[in-house]
$ cat upload12.cif   # mmCIF, C-alpha atoms
data_start
#
loop_
_atom_site.label_atom_id
_atom_site.label_comp_id
_atom_site.auth_asym_id
_atom_site.auth_seq_id
_atom_site.Cartn_x
_atom_site.Cartn_y
_atom_site.Cartn_z
CA MET A 23 0.00 0.00 0.00
CA HIS A 24 1.25 3.50 -0.82
CA SER A 25 -0.08 7.03 -1.13
CA LEU A 26 -0.39 8.28 -4.70
CA ASN A 27 0.70 11.80 -5.56
CA TYR A 28 -2.37 13.50 -7.05
CA ILE A 29 -5.61 15.25 -6.12
CA ILE A 30 -9.13 14.41 -7.32
CA TRP A 31 -11.46 17.29 -8.20
CA ASN A 32 -15.11 16.24 -8.34
CA GLY A 33 -16.80 19.52 -7.41
CA SER A 34 -19.97 20.51 -9.24
CA PRO A 35 -19.80 23.57 -11.52
CA GLU A 36 -23.40 24.37 -10.57
CA LEU A 37 -24.72 26.06 -7.44
CA PHE A 38 -28.38 25.23 -8.10
CA SER A 39 -30.91 24.88 -10.91
CA ILE A 40 -34.46 26.20 -11.24
CA GLY A 41 -36.09 24.66 -14.30
CA PRO A 42 -33.96 25.42 -17.36
CA VAL A 43 -32.00 28.17 -15.54
CA THR A 44 -28.81 27.14 -13.75
CA LEU A 45 -26.58 29.32 -11.56
CA ARG A 46 -22.99 28.26 -12.01
CA TRP A 47 -19.92 29.06 -9.95
CA TYR A 48 -18.32 30.64 -13.03
CA GLY A 49 -21.14 33.16 -13.43
CA LEU A 50 -21.17 33.98 -9.72
CA LEU A 51 -17.40 34.53 -9.57
CA PHE A 52 -17.49 36.54 -12.81
CA ALA A 53 -20.13 38.90 -11.36
CA LEU A 54 -18.42 39.00 -7.97
CA GLY A 55 -15.22 40.18 -9.66
CA PHE A 56 -16.97 43.27 -11.02
CA LEU A 57 -18.80 43.99 -7.76
CA ILE A 58 -15.62 43.85 -5.67
CA SER A 59 -13.73 45.85 -8.30
CA GLN A 60 -16.37 48.56 -8.16
CA GLN A 61 -15.96 48.93 -4.39
CA ILE A 62 -12.16 49.14 -4.73
CA LEU A 63 -12.53 51.82 -7.40
CA TYR A 64 -14.87 53.80 -5.12
CA TYR A 65 -12.14 53.76 -2.47
CA MET A 66 -9.43 54.79 -4.94
CA TYR A 67 -11.50 57.64 -6.36
CA ARG A 68 -12.31 58.93 -2.86
CA GLN A 69 -8.63 58.89 -1.94
CA GLU A 70 -7.76 60.86 -5.08
CA GLY A 71 -10.66 63.30 -4.78
CA LYS A 72 -12.22 62.23 -8.09
CA PRO A 73 -15.99 62.03 -8.77
CA GLN A 74 -17.27 58.69 -7.46
CA ASN A 75 -20.16 58.83 -9.94
CA ASP A 76 -17.62 58.13 -12.66
CA VAL A 77 -17.05 54.68 -11.12
CA ASP A 78 -20.60 53.67 -12.06
CA THR A 79 -19.97 54.69 -15.66
CA LEU A 80 -16.63 52.89 -15.63
CA THR A 81 -18.25 49.71 -14.33
CA ILE A 82 -20.78 49.68 -17.18
CA PHE A 83 -18.02 50.22 -19.74
CA MET A 84 -15.94 47.43 -18.19
CA VAL A 85 -18.74 44.85 -18.01
CA VAL A 86 -19.90 45.42 -21.59
CA ALA A 87 -16.35 45.60 -23.00
CA THR A 88 -15.20 42.47 -21.19
CA ILE A 89 -18.12 40.30 -22.28
CA LEU A 90 -18.31 41.53 -25.88
CA GLY A 91 -14.53 41.64 -26.34
CA ALA A 92 -13.92 38.22 -24.80
CA ARG A 93 -16.69 36.59 -26.80
CA LEU A 94 -15.73 38.17 -30.13
CA GLY A 95 -12.08 37.44 -29.39
CA HIS A 96 -12.82 33.75 -28.94
CA ILE A 97 -14.81 33.64 -32.18
CA ILE A 98 -12.21 35.53 -34.23
CA PHE A 99 -9.07 33.93 -32.81
CA TYR A 100 -10.23 30.36 -32.18
CA GLU A 101 -13.53 29.50 -33.93
CA PRO A 102 -14.16 31.88 -36.85
CA GLU A 103 -16.25 29.21 -38.58
CA ILE A 104 -19.10 29.97 -36.15
CA ILE A 105 -19.61 33.29 -37.96
CA TRP A 106 -20.96 31.52 -41.06
CA GLN A 107 -22.06 28.20 -39.55
CA ASN A 108 -24.11 29.40 -36.57
CA PRO A 109 -23.94 33.21 -36.19
CA VAL A 110 -26.97 33.30 -33.87
CA SER A 111 -24.98 31.41 -31.20
CA ILE A 112 -22.32 34.12 -30.95
CA PHE A 113 -24.25 36.14 -28.38
CA LEU A 114 -27.18 33.88 -27.39
CA PRO A 115 -26.63 32.41 -23.91
CA PHE A 116 -29.07 29.50 -24.40
CA GLU A 117 -30.00 26.62 -26.68
CA PHE A 118 -33.46 26.06 -28.18
CA SER A 119 -33.98 22.29 -28.47
CA PRO A 120 -34.35 21.52 -25.70
CA PHE A 121 -34.39 25.00 -24.21
CA ARG A 122 -31.41 25.27 -21.88
CA PHE A 123 -29.48 28.22 -20.47
CA THR A 124 -25.81 27.68 -21.32
CA GLY A 125 -24.14 31.05 -20.89
CA LEU A 126 -21.68 32.25 -23.50
CA GLN A 127 -19.66 29.20 -24.52
CA GLY A 128 -16.12 30.41 -25.15
CA LEU A 129 -14.47 33.61 -23.90
CA ALA A 130 -10.92 34.72 -24.76
CA SER A 131 -8.97 36.87 -22.30
CA HIS A 132 -7.00 38.51 -25.13
CA GLY A 133 -10.27 39.59 -26.75
CA GLY A 134 -11.43 40.93 -23.39
CA ALA A 135 -8.19 42.92 -23.09
CA ILE A 136 -8.67 44.50 -26.53
CA GLY A 137 -12.30 45.31 -25.71
CA ILE A 138 -11.31 46.97 -22.44
CA LEU A 139 -8.54 49.02 -24.07
CA PHE A 140 -10.98 50.37 -26.65
CA ALA A 141 -13.84 50.99 -24.19
CA LEU A 142 -11.63 52.91 -21.77
CA TRP A 143 -10.34 55.07 -24.63
CA VAL A 144 -13.95 55.98 -25.37
CA TYR A 145 -14.65 56.57 -21.66
CA ALA A 146 -11.62 58.84 -21.24
CA ASN A 147 -12.27 60.92 -24.36
CA TYR A 148 -16.02 61.02 -24.87
CA SER A 149 -19.09 61.75 -22.80
CA ILE A 150 -22.32 59.92 -23.62
CA GLN A 151 -25.38 61.72 -22.22
CA PHE A 152 -29.15 61.44 -22.56
CA SER A 153 -31.66 64.27 -22.74
CA LYS A 154 -35.42 63.91 -23.30
CA SER A 155 -35.66 67.57 -24.31
CA GLY A 156 -33.43 67.07 -27.33
CA VAL A 157 -31.03 69.71 -25.99
CA SER A 158 -27.49 68.90 -24.91
CA PRO A 159 -27.38 68.49 -21.08
CA ASN A 160 -24.57 71.06 -20.89
CA GLY A 161 -26.82 73.54 -22.70
CA LYS A 162 -24.29 74.45 -25.36
CA GLY A 163 -21.89 73.10 -27.89
CA SER A 164 -18.67 74.82 -26.90
CA GLU A 165 -15.63 74.97 -29.15
CA GLY A 166 -13.46 71.91 -29.08
CA LYS A 167 -16.42 69.62 -28.48
CA ILE A 168 -17.98 67.33 -31.04
CA LYS A 169 -21.73 67.14 -30.54
CA ASN A 170 -23.83 64.42 -32.18
CA LYS A 171 -27.55 64.86 -31.63
CA THR A 172 -30.03 62.11 -32.43
CA LYS A 173 -33.81 62.15 -32.43
CA HIS A 174 -33.76 60.22 -29.16
CA GLY A 175 -31.78 62.94 -27.39
CA VAL A 176 -28.50 61.00 -27.14
CA PHE A 177 -25.38 63.17 -27.16
CA ILE A 178 -21.85 61.94 -27.76
CA GLU A 179 -19.41 64.72 -26.96
CA LYS A 180 -15.62 64.78 -27.07
CA GLN A 181 -14.69 65.58 -23.52
CA VAL A 182 -11.54 64.60 -21.67
CA ARG A 183 -12.37 63.99 -18.03
CA PRO A 184 -10.22 66.07 -15.61
CA GLY A 185 -7.49 63.94 -14.05
CA GLN A 186 -8.67 60.92 -16.04
CA ASN A 187 -6.86 60.81 -19.35
CA TYR A 188 -6.48 57.46 -21.06
CA LEU A 189 -3.30 56.26 -19.34
CA GLN A 190 -4.46 57.49 -15.94
CA VAL A 191 -7.67 55.49 -16.26
CA LEU A 192 -5.77 52.40 -17.42
CA ASP A 193 -3.40 52.64 -14.44
CA ARG A 194 -6.33 52.36 -12.02
CA ILE A 195 -8.42 49.86 -13.95
CA VAL A 196 -5.73 47.23 -14.45
CA ILE A 197 -5.41 46.89 -10.67
CA VAL A 198 -8.95 45.58 -10.37
CA VAL A 199 -8.70 43.72 -13.69
CA ALA A 200 -6.01 41.55 -12.08
CA LEU A 201 -8.35 40.70 -9.20
CA THR A 202 -11.31 40.03 -11.50
CA GLY A 203 -9.08 37.82 -13.65
CA ALA A 204 -8.23 35.74 -10.59
CA LEU A 205 -11.91 35.16 -9.79
CA ILE A 206 -12.68 34.26 -13.41
CA ARG A 207 -9.87 31.69 -13.40
CA PHE A 208 -11.30 30.17 -10.20
CA GLY A 209 -14.56 29.90 -12.14
CA ASN A 210 -12.69 28.05 -14.91
CA TYR A 211 -11.44 25.65 -12.24
CA PHE A 212 -14.99 24.88 -11.10
CA ASN A 213 -15.91 24.31 -14.76
CA SER A 214 -12.96 21.92 -15.28
CA GLU A 215 -11.89 23.93 -18.33
CA ILE A 216 -8.61 25.42 -19.59
CA LEU A 217 -6.95 22.11 -18.79
CA GLY A 218 -3.23 21.76 -18.19
CA GLN A 219 -1.06 19.07 -19.68
CA PRO A 220 -0.68 15.70 -17.88
CA THR A 221 1.81 15.64 -15.01
CA ASN A 222 3.10 13.25 -12.36
CA GLY A 223 4.13 16.20 -10.17
CA PRO A 224 2.68 17.03 -6.75
CA THR A 225 0.29 19.63 -8.19
CA GLY A 226 -1.45 17.16 -10.52
CA ILE A 227 -5.26 17.18 -10.36
CA VAL A 228 -7.67 14.66 -11.86
CA PHE A 229 -10.63 16.69 -13.15
CA ILE A 230 -13.34 14.07 -12.95
CA SER A 231 -16.51 16.11 -12.34
CA ARG A 232 -17.64 16.16 -15.99
CA VAL A 233 -17.37 12.37 -16.09
CA THR A 234 -19.35 11.87 -12.89
CA GLU A 235 -22.00 14.38 -14.05
CA SER A 236 -22.40 12.37 -17.27
CA ILE A 237 -22.70 9.13 -15.30
CA LYS A 238 -25.38 10.59 -13.01
CA GLY A 239 -27.31 11.85 -16.02
CA ASP A 240 -30.46 13.93 -15.82
CA PRO A 241 -32.18 13.49 -12.42
CA ALA A 242 -35.53 14.32 -14.05
CA ASP A 243 -35.21 11.52 -16.62
CA PRO A 244 -37.46 8.63 -15.52
CA ASN A 245 -35.17 6.17 -17.34
CA ASN A 246 -32.11 7.26 -15.39
CA ILE A 247 -31.05 4.47 -13.01
CA VAL A 248 -28.08 6.16 -11.29
CA GLN A 249 -28.54 7.85 -7.94
CA SER A 250 -25.04 9.16 -7.13
CA VAL A 251 -21.33 8.77 -7.92
CA THR A 252 -18.26 9.17 -5.73
CA VAL A 253 -14.57 8.95 -6.64
CA ALA A 254 -11.48 7.87 -4.72
CA LYS A 255 -7.82 7.09 -5.32
CA ASN A 256 -6.96 3.48 -6.02
CA ASN A 257 -3.92 2.93 -3.83
CA ASP A 258 -3.78 -0.75 -4.79
CA LEU A 259 -2.22 0.15 -8.15
CA PRO A 260 0.81 2.31 -9.03
CA GLU A 261 0.92 5.50 -11.06
CA SER A 262 1.98 5.37 -14.70
CA ALA A 263 3.88 7.88 -16.83
CA ASN A 264 2.29 10.98 -18.36
CA GLY A 265 -0.09 11.63 -15.47
CA ARG A 266 -1.95 8.32 -15.68
CA VAL A 267 -3.20 7.45 -12.20
CA PRO A 268 -5.55 4.72 -10.92
CA ILE A 269 -8.94 5.80 -9.53
CA LYS A 270 -12.10 4.09 -8.32
CA LEU A 271 -15.64 5.12 -9.23
CA PHE A 272 -18.41 4.10 -6.83
CA ILE A 273 -21.75 4.18 -8.66
CA PHE A 274 -24.85 3.92 -6.48
CA PHE A 275 -27.94 2.90 -8.40
CA LYS A 276 -31.45 3.86 -7.42
CA PRO A 277 -33.11 1.49 -4.91
CA GLY A 278 -34.97 -1.29 -6.64
CA ILE A 279 -32.82 -1.35 -9.79
CA PRO A 280 -32.05 -5.04 -10.53
CA GLU A 281 -28.39 -6.05 -10.43
CA PRO A 282 -28.41 -7.25 -14.11
CA ASN A 283 -29.56 -3.78 -15.18
CA ALA A 284 -26.72 -2.19 -13.22
CA GLN A 285 -24.22 -4.58 -14.79
CA TYR A 286 -25.51 -3.82 -18.28
CA PHE A 287 -25.13 -0.08 -17.57
CA CYS A 288 -21.47 -0.63 -16.62
CA ARG A 289 -20.76 -2.71 -19.73
CA SER A 290 -22.54 -0.43 -22.19
CA ASP A 291 -23.44 3.13 -21.12
CA LEU A 292 -20.51 3.59 -18.77
CA LYS A 293 -18.07 2.36 -21.42
CA LYS A 294 -19.31 5.08 -23.80
CA ILE A 295 -19.15 7.79 -21.13
CA LEU A 296 -15.55 6.94 -20.25
CA TYR A 297 -14.61 6.83 -23.92
CA TYR A 298 -16.05 10.29 -24.64
CA GLY A 299 -14.45 11.63 -21.44
CA SER A 300 -10.96 10.94 -22.79
CA GLU A 301 -9.76 14.40 -21.65
CA PHE A 302 -10.24 13.27 -18.07
CA VAL A 303 -9.83 9.47 -18.01
CA ASP A 304 -7.71 7.04 -20.03
CA GLU A 305 -10.03 4.06 -20.37
CA PRO A 306 -8.74 1.58 -22.99
CA VAL A 307 -10.88 1.60 -26.13
CA ASP A 308 -10.66 -2.18 -26.52
CA GLY A 309 -11.82 -4.58 -23.82
CA PHE A 310 -14.38 -4.30 -21.06
CA VAL A 311 -14.81 -1.92 -18.16
CA THR A 312 -13.34 -3.40 -14.99
CA TYR A 313 -16.13 -3.36 -12.42
CA LYS A 314 -17.74 -5.31 -9.61
CA THR A 315 -21.33 -4.96 -8.40
CA ILE A 316 -22.44 -5.41 -4.79
CA TYR A 317 -26.06 -5.82 -3.76
CA ASP A 318 -27.16 -4.24 -0.48
CA GLU A 319 -30.12 -6.37 0.57
CA LYS A 320 -31.06 -4.12 3.47
CA ASN A 321 -31.52 -1.05 1.27
CA ASN A 322 -32.44 -3.02 -1.88
CA GLN A 323 -29.69 -1.15 -3.72
CA VAL A 324 -26.84 -2.06 -6.05
CA MET A 325 -23.43 -0.39 -5.94
CA ALA A 326 -20.77 -0.79 -8.63
CA ARG A 327 -17.07 -0.32 -7.99
CA VAL A 328 -15.32 0.62 -11.23
CA ASN A 329 -11.57 0.71 -11.75
CA THR A 330 -10.28 3.13 -14.38
CA ILE A 331 -7.34 5.43 -15.10
CA GLY A 332 -7.60 9.14 -14.41
CA ILE A 333 -5.39 11.79 -16.03
CA ALA A 334 -3.66 14.08 -13.52
CA ARG A 335 -3.12 17.51 -15.10
CA HIS A 336 -1.51 20.81 -14.23
CA PRO A 337 -4.19 23.06 -12.67
CA ALA A 338 -3.34 25.88 -15.07
CA GLN A 339 -6.42 27.83 -13.92
CA LEU A 340 -5.12 27.92 -10.34
CA TYR A 341 -1.63 28.92 -11.44
CA GLU A 342 -3.08 31.93 -13.25
CA ALA A 343 -5.52 32.76 -10.44
CA ILE A 344 -2.80 32.82 -7.79
CA SER A 345 -0.53 34.85 -10.08
CA CYS A 346 -3.31 37.39 -10.63
CA ILE A 347 -3.89 37.76 -6.87
CA LEU A 348 -0.18 38.45 -6.31
CA LEU A 349 -0.18 40.86 -9.25
CA PHE A 350 -3.19 42.69 -7.76
CA ILE A 351 -1.35 43.11 -4.44
CA PHE A 352 1.79 44.38 -6.20
CA LEU A 353 -0.08 46.90 -8.36
CA PHE A 354 -2.28 48.13 -5.51
CA ALA A 355 0.84 48.71 -3.41
CA ILE A 356 2.31 50.89 -6.18
CA TRP A 357 -0.90 52.91 -6.40
CA ASN A 358 -1.09 53.25 -2.61
CA HIS A 359 2.45 54.68 -2.60
CA TYR A 360 1.82 57.33 -5.28
CA LYS A 361 -1.96 57.90 -5.40
CA ARG A 362 -2.55 61.23 -7.23
CA SER A 363 1.14 61.64 -8.08
CA LEU A 364 1.31 58.27 -9.87
CA PRO A 365 3.44 58.54 -13.04
CA GLU A 366 1.22 57.97 -16.06
CA GLY A 367 1.44 54.44 -17.43
CA ARG A 368 3.57 53.07 -14.57
CA ILE A 369 1.03 50.54 -13.30
CA PHE A 370 -0.36 49.78 -16.75
CA GLY A 371 3.14 49.02 -18.05
CA TYR A 372 3.94 46.64 -15.20
CA PHE A 373 0.56 44.96 -15.61
CA MET A 374 0.97 44.32 -19.32
CA ILE A 375 4.51 42.98 -18.99
CA ILE A 376 3.90 40.72 -15.99
CA LEU A 377 0.44 39.38 -16.85
CA TRP A 378 1.06 38.56 -20.49
CA SER A 379 4.58 37.23 -19.90
CA LEU A 380 3.13 34.81 -17.35
CA ARG A 381 0.35 33.93 -19.76
CA PHE A 382 2.97 33.19 -22.44
CA ALA A 383 4.83 30.90 -20.01
CA TYR A 384 1.73 29.13 -18.67
CA GLU A 385 0.68 28.22 -22.21
CA TYR A 386 3.51 25.66 -22.21
CA LEU A 387 1.64 23.86 -19.41
CA LYS A 388 -1.79 23.96 -21.10
CA GLU A 389 -3.52 21.89 -23.70
CA ASN A 390 -4.20 23.74 -26.96
CA GLN A 391 -7.78 24.96 -27.20
CA VAL A 392 -8.38 24.13 -30.87
CA PRO A 393 -6.73 21.58 -33.20
CA PHE A 394 -5.13 24.06 -35.62
CA GLU A 395 -2.84 25.27 -32.80
CA ASP A 396 -1.07 21.89 -32.81
CA LYS A 397 0.56 22.85 -36.12
CA LEU A 398 1.84 26.25 -34.92
CA PRO A 399 5.30 26.85 -33.38
CA LEU A 400 3.54 28.94 -30.71
CA ASN A 401 -0.13 28.56 -29.81
CA MET A 402 -2.65 31.35 -30.27
CA GLY A 403 -2.46 32.46 -26.63
CA GLN A 404 1.30 32.97 -26.92
CA ILE A 405 1.09 34.74 -30.29
CA LEU A 406 -1.48 37.21 -28.94
CA SER A 407 0.51 37.80 -25.73
CA ILE A 408 3.68 39.00 -27.49
CA PRO A 409 2.35 42.36 -28.79
CA LEU A 410 0.71 43.07 -25.42
CA VAL A 411 4.04 42.58 -23.64
CA ILE A 412 5.74 44.90 -26.15
CA ILE A 413 3.09 47.57 -25.51
CA GLY A 414 3.74 47.20 -21.77
CA ILE A 415 7.49 47.65 -22.21
CA PHE A 416 7.00 50.79 -24.30
CA ILE A 417 4.54 52.34 -21.81
CA LEU A 418 6.71 51.48 -18.80
CA ILE A 419 9.81 53.06 -20.36
CA ARG A 420 7.73 56.14 -21.16
CA SER A 421 6.55 56.38 -17.54
CA TYR A 422 10.16 56.47 -16.27
CA ARG A 423 11.20 59.07 -18.82
CA THR A 424 8.29 61.34 -17.88
CA PRO A 425 7.63 60.38 -14.25
CA GLN A 426 5.49 63.39 -13.33
CA SER A 427 1.73 62.85 -13.20
CA ASN A 428 -0.86 65.14 -14.72
CA SER A 429 -3.40 64.24 -12.03
#

$ encode --input "upload12.cif" --output "structure tokens"
Amino acid sequence: MHSLNYIIWNGSPELFSIGPVTLRWYGLLFALGFLISQQILYYMYRQEGKPQNDVDTLTIFMVVATILGARLGHIIFYEPEIIWQNPVSIFLPFEFSPFRFTGLQGLASHGGAIGILFALWVYANYSIQFSKSGVSPNGKGSEGKIKNKTKHGVFIEKQVRPGQNYLQVLDRIVIVVALTGALIRFGNYFNSEILGQPTNGPTGIVFISRVTESIKGDPADPNNIVQSVTVAKNNDLPESANGRVPIKLFIFFKPGIPEPNAQYFCRSDLKKILYYGSEFVDEPVDGFVTYKTIYDEKNNQVMARVNTIGIARHPAQLYEAISCILLFIFLFAIWNHYKRSLPEGRIFGYFMIILWSLRFAYEYLKENQVPFEDKLPLNMGQILSIPLVIIGIFILIRSYRTPQSNS
């Protein structure tokens, strides 16, 4: 007997479901990131004597830019075929047959970054105001301002906000972006997505929750015979190379299900589930599933013990989440030291260099997202990170050459 060097993750990605609507950990953490960021920005704006009302506007810009940018980035960089094959699915967060809320399937952080950079440029240089009277809220169109009046009384005016030029806004926003990024990556962990490559190291995790969810099936399906599934290490067998580790699945069938039915499920349905879950388990294609059924006469219930091989992987999501938390602390400390006298671009430069350099490095520990990346010398995440690092270097050098702040 020996203790095997890996961790099993079998947590559910869902908090609860009400009919077709499901609240997932990812959505909760995503929203929580923006709510916490908003409170931090309130504090920063109070400390600098800036209008706190601007934080509400900033939050709207950030939420819209992040979602639209990340979604469009995923489509353009990874799955452009969706544009002509199924364009409706680009922004629809649900499926029709059967109706099911899915959320936006596929978000790219590089696309989110581009969306944020553009949205904050608009925020820093233009004012969008509404007026039912059809007259500009400032009552005039002064020189140097571009006024665009529509029949709905919407005015877009060129107006640089005092103490909030583009770089100054970016310096503050990237602090909370780092924290939000950490929470989003924790959400990816709950979803068992953005998988790392197999490893036999001490940080290896077997992401088994998608397999167990498939085995349990739909609780509302009257033909479903499975009640619950648990997973444990199989210390009777040794580890193999490339992250292959022995695990045991304990499948509890609903009371009253005959033992032959449970055995047939293991031979047929379970075999298919393990085959299609090849990202998470390494069940041989040929041969039979290794299982043993036990009948509990007292509870009139059958339990099956199934031996299979899990794949321990680098928890790349956690690596990035922890890095983002440390980056948030570092950037906030810089802001806390300077506050209003912060050199323009100083924090933004550090953020771009550190975040995207780490992203470039972590890509070596991840599985490629789409097949075409296997043929590239660098994957898409690394290719997109390089220009962002270069931008960071340029802005950081600029901040040291002109250290005074215009705040």

$ residues_near_point --input "upload12.cif" --point "(-24.7, -7.9, -5.9)" --cutoff "9 Å" --atoms "all atoms listed in the file" --output "PyMOL selection string"
chain A and resi 281+314-319+323-326

$ resolve_selection --input "upload12.cif" --expression "the PyMOL selection byres ((chain A and resi 84-96) around 7)" --output "PyMOL selection string"
chain A and resi 80-83+97-101+128-134+136-138+141

$ closest_atom_pairs --input "upload12.cif" --of "range 247-366 of chain A" --to "range 189-200 of chain A" --cutoff "8 Å" --atoms "all atoms listed in the file" --output "Markdown table"
| residue | atom | partner | partner_atom | distance |
| --- | --- | --- | --- | --- |
| A:Cys346 | CA | A:Ala200 | CA | 5.2 |
| A:Ile347 | CA | A:Ala200 | CA | 6.8 |
| A:Leu349 | CA | A:Ala200 | CA | 6.5 |
| A:Phe350 | CA | A:Ala200 | CA | 5.3 |
| A:Leu353 | CA | A:Ile197 | CA | 5.8 |
| A:Phe354 | CA | A:Ile197 | CA | 6.2 |
| A:Trp357 | CA | A:Arg194 | CA | 7.8 |
| A:Glu366 | CA | A:Gln190 | CA | 5.7 |

$ write_last_selection --input "upload12.cif" --atoms "C-alpha atoms" --output "short mmCIF file (atom, residue, chain, number, x, y, z; two decimals), in the frame of the given file"
data_model
loop_
_atom_site.label_atom_id
_atom_site.label_comp_id
_atom_site.auth_asym_id
_atom_site.auth_seq_id
_atom_site.Cartn_x
_atom_site.Cartn_y
_atom_site.Cartn_z
CA CYS A 346 -3.31 37.39 -10.63
CA ILE A 347 -3.89 37.76 -6.87
CA LEU A 349 -0.18 40.86 -9.25
CA PHE A 350 -3.19 42.69 -7.76
CA LEU A 353 -0.08 46.90 -8.36
CA PHE A 354 -2.28 48.13 -5.51
CA TRP A 357 -0.90 52.91 -6.40
CA GLU A 366 1.22 57.97 -16.06
#

$ closest_atom_pairs --input "upload12.cif" --of "range 239-269 of chain A" --to "range 283-287 of chain A" --cutoff "12 Å" --atoms "all atoms listed in the file" --output "JSON lines"
{"residue": "A:Asn245", "atom": "CA", "partner": "A:Asn283", "partner_atom": "CA", "distance": 11.6}
{"residue": "A:Asn246", "atom": "CA", "partner": "A:Phe287", "partner_atom": "CA", "distance": 10.4}
{"residue": "A:Ile247", "atom": "CA", "partner": "A:Ala284", "partner_atom": "CA", "distance": 7.9}
{"residue": "A:Val248", "atom": "CA", "partner": "A:Ala284", "partner_atom": "CA", "distance": 8.7}
{"residue": "A:Gln249", "atom": "CA", "partner": "A:Ala284", "partner_atom": "CA", "distance": 11.5}

$ resolve_selection --input "upload12.cif" --expression "the PyMOL selection byres ((chain A and resi 257) around 10)" --output "ChimeraX atom specification"
/A:23-26,254-256,258-261,267-270

$ resolve_selection --input "upload12.cif" --expression "the PyMOL selection byres ((chain A and resi 250) around 9)" --output "list in words"
Thr234, Ile237, Lys238, Val248, Gln249, Val251, Thr252, Phe272, Ile273, Phe274, Phe275 and Lys276 of chain A

$ atom_distance --input "upload12.cif" --atom1 "CA of Arg289 in chain A" --atom2 "CA of Glu301 in chain A"
20.4 Å

$ residues_around --input "upload12.cif" --residues "Trp31 in chain A" --least-positions-apart "2" --cutoff "9 Å" --atoms "only C-alpha atoms" --output "PyMOL selection string"
chain A and resi 29+33+212+214+227-231

$ build_atoms --input "upload12.cif" --residues "range 62-76 of chain A" --atoms "N, CA and C atoms" --output "PDB file, in the coordinates of the input"
ATOM      1  N   ILE A  62     -13.563  48.701  -4.797  1.00  0.00           N
ATOM      2  CA  ILE A  62     -12.160  49.140  -4.730  1.00  0.00           C
ATOM      3  C   ILE A  62     -11.975  50.448  -5.482  1.00  0.00           C
ATOM      4  N   LEU A  63     -12.622  50.578  -6.637  1.00  0.00           N
ATOM      5  CA  LEU A  63     -12.530  51.820  -7.400  1.00  0.00           C
ATOM      6  C   LEU A  63     -13.164  52.986  -6.644  1.00  0.00           C
ATOM      7  N   TYR A  64     -14.284  52.744  -5.961  1.00  0.00           N
ATOM      8  CA  TYR A  64     -14.870  53.800  -5.120  1.00  0.00           C
ATOM      9  C   TYR A  64     -13.834  54.306  -4.118  1.00  0.00           C
ATOM     10  N   TYR A  65     -13.154  53.385  -3.474  1.00  0.00           N
ATOM     11  CA  TYR A  65     -12.140  53.760  -2.470  1.00  0.00           C
ATOM     12  C   TYR A  65     -11.023  54.558  -3.119  1.00  0.00           C
ATOM     13  N   MET A  66     -10.535  54.107  -4.270  1.00  0.00           N
ATOM     14  CA  MET A  66      -9.430  54.790  -4.940  1.00  0.00           C
ATOM     15  C   MET A  66      -9.838  56.197  -5.380  1.00  0.00           C
ATOM     16  N   TYR A  67     -11.043  56.330  -5.905  1.00  0.00           N
ATOM     17  CA  TYR A  67     -11.500  57.640  -6.360  1.00  0.00           C
ATOM     18  C   TYR A  67     -11.707  58.589  -5.181  1.00  0.00           C
ATOM     19  N   ARG A  68     -12.180  58.069  -4.049  1.00  0.00           N
ATOM     20  CA  ARG A  68     -12.310  58.930  -2.860  1.00  0.00           C
ATOM     21  C   ARG A  68     -10.946  59.419  -2.407  1.00  0.00           C
ATOM     22  N   GLN A  69      -9.966  58.517  -2.379  1.00  0.00           N
ATOM     23  CA  GLN A  69      -8.630  58.890  -1.940  1.00  0.00           C
ATOM     24  C   GLN A  69      -7.998  59.939  -2.849  1.00  0.00           C
ATOM     25  N   GLU A  70      -8.351  59.922  -4.129  1.00  0.00           N
ATOM     26  CA  GLU A  70      -7.760  60.860  -5.080  1.00  0.00           C
ATOM     27  C   GLU A  70      -8.626  62.088  -5.309  1.00  0.00           C
ATOM     28  N   GLY A  71      -9.787  62.138  -4.634  1.00  0.00           N
ATOM     29  CA  GLY A  71     -10.660  63.300  -4.780  1.00  0.00           C
ATOM     30  C   GLY A  71     -11.327  63.394  -6.134  1.00  0.00           C
ATOM     31  N   LYS A  72     -11.571  62.255  -6.779  1.00  0.00           N
ATOM     32  CA  LYS A  72     -12.220  62.230  -8.090  1.00  0.00           C
ATOM     33  C   LYS A  72     -13.703  61.900  -7.925  1.00  0.00           C
ATOM     34  N   PRO A  73     -14.536  62.278  -8.879  1.00  0.00           N
ATOM     35  CA  PRO A  73     -15.990  62.030  -8.770  1.00  0.00           C
ATOM     36  C   PRO A  73     -16.296  60.532  -8.695  1.00  0.00           C
ATOM     37  N   GLN A  74     -16.944  60.116  -7.620  1.00  0.00           N
ATOM     38  CA  GLN A  74     -17.270  58.690  -7.460  1.00  0.00           C
ATOM     39  C   GLN A  74     -18.350  58.247  -8.444  1.00  0.00           C
ATOM     40  N   ASN A  75     -19.143  59.196  -8.949  1.00  0.00           N
ATOM     41  CA  ASN A  75     -20.160  58.830  -9.940  1.00  0.00           C
ATOM     42  C   ASN A  75     -19.527  58.241 -11.197  1.00  0.00           C
ATOM     43  N   ASP A  76     -18.301  58.651 -11.471  1.00  0.00           N
ATOM     44  CA  ASP A  76     -17.620  58.130 -12.660  1.00  0.00           C
ATOM     45  C   ASP A  76     -17.348  56.630 -12.543  1.00  0.00           C
TER      46      ASP A  76
END
